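The structure appears right after this line, and notes come after that.
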Amino acid sequence: MKAYSAWSVFRHALTGNRHWPRAWRDPEPKAGYDVVIVGGGGHGLATAYYLASVHGIRKVAVLEKSYIGSGNTGRNTTIVRSNYEQNANARFYEFSLKLWEDLSLELNYNTMFSQRGVLDVAQSEGMVERYIRRGNAMRLNGIDAEFLSPAEVRSMLPGIYEDSACRYPIHGGLYQPRAGNARHDAVAWGFARAADSLGVDIIQGCEVTGFLQEGERIAGVRTNRGDIRAGRTGLAVAGSTGHVAGLAGLRLPIESHVLQAFVTEPVKPVIDTVLTFELADFYISQSDRGSLVFGGELDRYSSYAQRGNLPIVHDVLEAAVTMFPMLGRVRMLRHWGGVCDMTPDGSPIIGASPIEGLYLNCGWCYGGFKATPGSGWMFAHTLATGAPHAVNAPFALDRFERGYTINENGAGPFFNLH
Ligand SMILES: Cc1cc2nc3c(=O)[nH]c(=O)nc-3n(C[C@H](O)[C@H](O)[C@H](O)COP(=O)(O)OP(=O)(O)OC[C@H]3O[C@@H](n4cnc5c(N)ncnc54)[C@H](O)[C@@H]3O)c2cc1C
């Protein structure tokens with residue numbers, strides 16, 4: 001793995017930074033690979049990395065229609081947690097959280113993973129009951145969970161507005177101390193560099209436009225840069241899943257909806273944990289740079305456009321200034337949208353598709369960033385062995401036919417799947 005000395009940084013600065021070695025190669029597509037992964041977001045890149053590093057499968061290509069991280073990986077609000085109620089989700093997201101804890105070392109790349117805690121604020125008595133139930137379920141799965149009193153929650157919320165008649169009173173909170181956030185781009189770049197160094201071809205500007213079908217089986221992909229054969233093909237295209245699976249004639253129980261997010265100018269430290277307010281459909285954290293990063297609910301209609309609509313802007317900002325009046329004085333820098341792949345039960349799909357040779361990694365709803373290493377690890381296992389690992393077996397597509405849905409009401413939908 002490459003390391004950059006102070007001298008090399010200085011030398012490159014003197015030459016206008018024109019001769020930096022590339023962090024990953026820019027290869028031409030080959031005629032065929034053992035595994036082709038469609039989608040160069042965090043999930044696709046992590047899958048490629050674990051295929052090469054854990055399973056020794058190095059004839060792997062990641063095909064990305066734009067640049068890596070240009071989808072939701074580079075658009076999310078970076079919350080990482082495992083505070084799920086359903087056993088299958090709790091086990092999977094905790095597996096992922098454990099990978100996060102060593103990820104910077106594993107990739108030799110600073111993912112800026114910060115375990116600053118995630119606090120779900122309960123704003124009604126009913127929420128207290130639900131959060132205690134979810135906290136207990138987490139503990140039974142070996143996950144850290146603490147239920148905090150109203151006074152303890154208030155002490156963590158400087159600047160919150162609350163009086164006896166306020167709209168959003170504080171009744172307590174469910175706290176996961178090991179949760180937190182990370183730098184989204186760094187995760188894509190770290191996996192890309194590490195996968196490339198093991199021989200994986202990362203091919204940007206390569207859009208999959210169809211599939212090579214041999215009888216009943218998928219034998220590769222058609223792209224704007226030619227046909228590429230594959231022993232196995234994995235889809236990791238998040239919000240584009242419905243469209244890309246449709247090219248193979250597959251109709252999935254997924255709707256694409258836009259989720260918006262907002263970022264302010266940097267200010268001095270005011271919020272040192274990640275806060276979610278389910279009742280207000282609002283969540284907020286502060287980036288290491290000082291910007292306040294926040295968001296709320298999904299846009300209600302389906303769309304593939306990476307931009308949002310005004311009613312949600314209105315709702316999110318109303319919640320923001322109602323609970324934190326100080327936010328009315330801070331300047332907004334940007335706001336954007338990403339296309340989320342929503343399943344009916346709020347849980348992902350990782351496994352084989354009904355078409356031989358084609359595998360699915362999708363249905364991440366609002367919450368797939370935290371899943372990135374775990375999802376990559378499990379998808380690599382599934383692609384390498386042709387069968388799911390025990391941890392991702394419950395996330396099979398046919399659960400919707402068999403009635404084994406994993407309805408994550410404890411942690412969504414719709415809110416709190418971020
Ligand atoms: C505003 C917002 C906030 C969010 N906040 C959080 C959060 O706080 N915590 C959390 O855990 N999750 C969050 N999420 C969800 C999270 O971002 C996603 O679930 C996760 O990043 C999905 O990663 P991915 O690699 O599967 O998809 P993506 O990063 O979207 O990558 C898919 C890639 O596939 C490519 N692609 C699509 N079609 C083709 C094609 N035909 N050929 C080749 N390439 C193709 C796309 O260009 C894209 O780069 C949020 C999402 C949004 C939009």
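Residues in the structure tokens are numbered from 1 in each chain, the chains being A, B, ... in the order shown, and ligands are numbered from 1 in the order shown.
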Give me, as a PDB file with C-alpha atoms, in the first residue's frame, the set of residues whose atoms come within 7 Å of any atom of ligand 1, counting only C-alpha atoms and all ligand atoms.
```pdb
ATOM      1  CA  VAL A  38     -22.119  -3.033 -11.073  1.00  0.00           C
ATOM      2  CA  GLY A  39     -21.932   0.189  -9.035  1.00  0.00           C
ATOM      3  CA  GLY A  40     -18.859   1.932  -7.622  1.00  0.00           C
ATOM      4  CA  GLY A  41     -20.379   3.138  -4.379  1.00  0.00           C
ATOM      5  CA  GLY A  42     -19.129   2.030  -0.980  1.00  0.00           C
ATOM      6  CA  HIS A  43     -20.959  -1.302  -1.214  1.00  0.00           C
ATOM      7  CA  GLY A  44     -19.596  -2.274  -4.629  1.00  0.00           C
ATOM      8  CA  LEU A  63     -18.128  -0.833 -13.126  1.00  0.00           C
ATOM      9  CA  GLU A  64     -19.241   2.690 -12.260  1.00  0.00           C
ATOM     10  CA  LYS A  65     -21.248   4.772 -14.715  1.00  0.00           C
ATOM     11  CA  SER A  66     -19.987   8.069 -13.269  1.00  0.00           C
ATOM     12  CA  TYR A  67     -17.151   8.464 -10.735  1.00  0.00           C
ATOM     13  CA  ILE A  68     -16.840   6.324  -7.603  1.00  0.00           C
ATOM     14  CA  GLY A  69     -18.818   7.632  -4.654  1.00  0.00           C
ATOM     15  CA  SER A  70     -21.028   9.791  -6.889  1.00  0.00           C
ATOM     16  CA  GLY A  71     -24.193   8.082  -5.660  1.00  0.00           C
ATOM     17  CA  ASN A  72     -25.503   7.923  -2.114  1.00  0.00           C
ATOM     18  CA  THR A  73     -22.080   7.079  -0.730  1.00  0.00           C
ATOM     19  CA  GLY A  74     -21.037  10.688  -1.334  1.00  0.00           C
ATOM     20  CA  ARG A  75     -24.445  12.154  -0.448  1.00  0.00           C
ATOM     21  CA  ASN A  76     -25.345  10.732   2.931  1.00  0.00           C
ATOM     22  CA  THR A  77     -25.221  12.167   6.435  1.00  0.00           C
ATOM     23  CA  THR A  78     -22.681   9.563   7.583  1.00  0.00           C
ATOM     24  CA  ILE A  79     -24.429   8.079  10.635  1.00  0.00           C
ATOM     25  CA  VAL A  80     -23.091   4.676  11.694  1.00  0.00           C
ATOM     26  CA  CYS A 206     -18.644   2.609 -17.598  1.00  0.00           C
ATOM     27  CA  GLU A 207     -22.430   2.308 -17.605  1.00  0.00           C
ATOM     28  CA  VAL A 208     -24.125  -1.061 -17.652  1.00  0.00           C
ATOM     29  CA  THR A 209     -26.821  -0.868 -20.322  1.00  0.00           C
ATOM     30  CA  ALA A 236     -24.828  -2.722  -6.009  1.00  0.00           C
ATOM     31  CA  VAL A 237     -26.526   0.280  -7.606  1.00  0.00           C
ATOM     32  CA  ALA A 238     -28.730   1.458  -4.686  1.00  0.00           C
ATOM     33  CA  GLY A 239     -31.289   3.982  -6.002  1.00  0.00           C
ATOM     34  CA  SER A 240     -30.886   2.691  -9.579  1.00  0.00           C
ATOM     35  CA  VAL A 244     -30.826  -1.881 -13.698  1.00  0.00           C
ATOM     36  CA  VAL A 258     -35.301  11.010  -2.819  1.00  0.00           C
ATOM     37  CA  LEU A 259     -33.869  11.776   0.600  1.00  0.00           C
ATOM     38  CA  GLN A 260     -32.592  15.313   1.152  1.00  0.00           C
ATOM     39  CA  ALA A 261     -29.873  16.614   3.453  1.00  0.00           C
ATOM     40  CA  TRP A 336     -28.961  18.094  -1.913  1.00  0.00           C
ATOM     41  CA  GLY A 337     -30.823  14.847  -2.547  1.00  0.00           C
ATOM     42  CA  GLY A 338     -29.901  11.208  -3.098  1.00  0.00           C
ATOM     43  CA  VAL A 339     -32.045   8.395  -4.467  1.00  0.00           C
ATOM     44  CA  CYS A 340     -32.791   5.702  -1.868  1.00  0.00           C
ATOM     45  CA  CYS A 362     -29.912  -3.406  -2.560  1.00  0.00           C
ATOM     46  CA  TRP A 364     -30.683  -0.041   1.754  1.00  0.00           C
ATOM     47  CA  CYS A 365     -33.445   2.483   2.327  1.00  0.00           C
ATOM     48  CA  TYR A 366     -32.051   5.507   4.178  1.00  0.00           C
ATOM     49  CA  GLY A 367     -29.484   3.494   6.084  1.00  0.00           C
ATOM     50  CA  GLY A 368     -26.906   1.778   3.926  1.00  0.00           C
ATOM     51  CA  PHE A 369     -23.857   3.887   4.690  1.00  0.00           C
ATOM     52  CA  LYS A 370     -23.411   2.259   8.086  1.00  0.00           C
ATOM     53  CA  ALA A 371     -23.786  -1.104   6.372  1.00  0.00           C
ATOM     54  CA  THR A 372     -20.938  -0.497   3.908  1.00  0.00           C
ATOM     55  CA  HIS A 418     -30.587   6.882   8.445  1.00  0.00           C
TER      56      HIS A 418
END
```
Show which residues sit within 12 Å of Gly159 in chain A, as a VMD selection string. Count only C-alpha atoms, and ignore same-chain residues fewer than 2 positions away. chain A and resid 154 to 157 161 to 162 270 to 271 320 to 328
Residues at most 9 Å from range 129-142 of chain A, counting only C-alpha atoms, excluding those fewer than 6 positions away in the same chain, as an MDAnalysis selection string? chainID A and resid 82:87 90:91 94 120 122 173:176 410:411
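Every protein or nucleic acid residue with an atom no more than 7 Å from range 273-280 of chain A, counting only C-alpha atoms and leaving out same-chain residues fewer than 6 positions away, appears here: Arg116, Gly117, Val118, Leu119, Asp120, Val121, Gln123, Gly180, Ala319, Phe415 and Asn416 of chain A.
Ranking A:His335, A:Val263, A:Val9, A:Ser197 by their shortest atom-to-atom distance to Gly308 in chain A, with only C-alpha atoms included, puts A:His335 first.
The space between CA of Arg167 in chain A and CA of Phe282 in chain A spans 13.6 Å.
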Å distance separating CA of Ala393 in chain A from CA of Arg229 in chain A, one decimal place: 27.1 Å
Which neighbours of Phe379 in chain A fall inside 10 Å, counting only C-alpha atoms, when residues of the same chain fewer than 6 positions from it are skipped, and could you give them as a list in words?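 Once the nearby chain positions are removed, what remains is His43, Gly44, Ala46, Thr47, Ala48, Tyr50, Leu51, Gly234, Leu235, Ala236, Ile350, Gly351, Ala352, Tyr359, Leu360, Asn361, Pro373, Thr385, Gly386, Ala387, Pro388, His389 and Asn392 of chain A.
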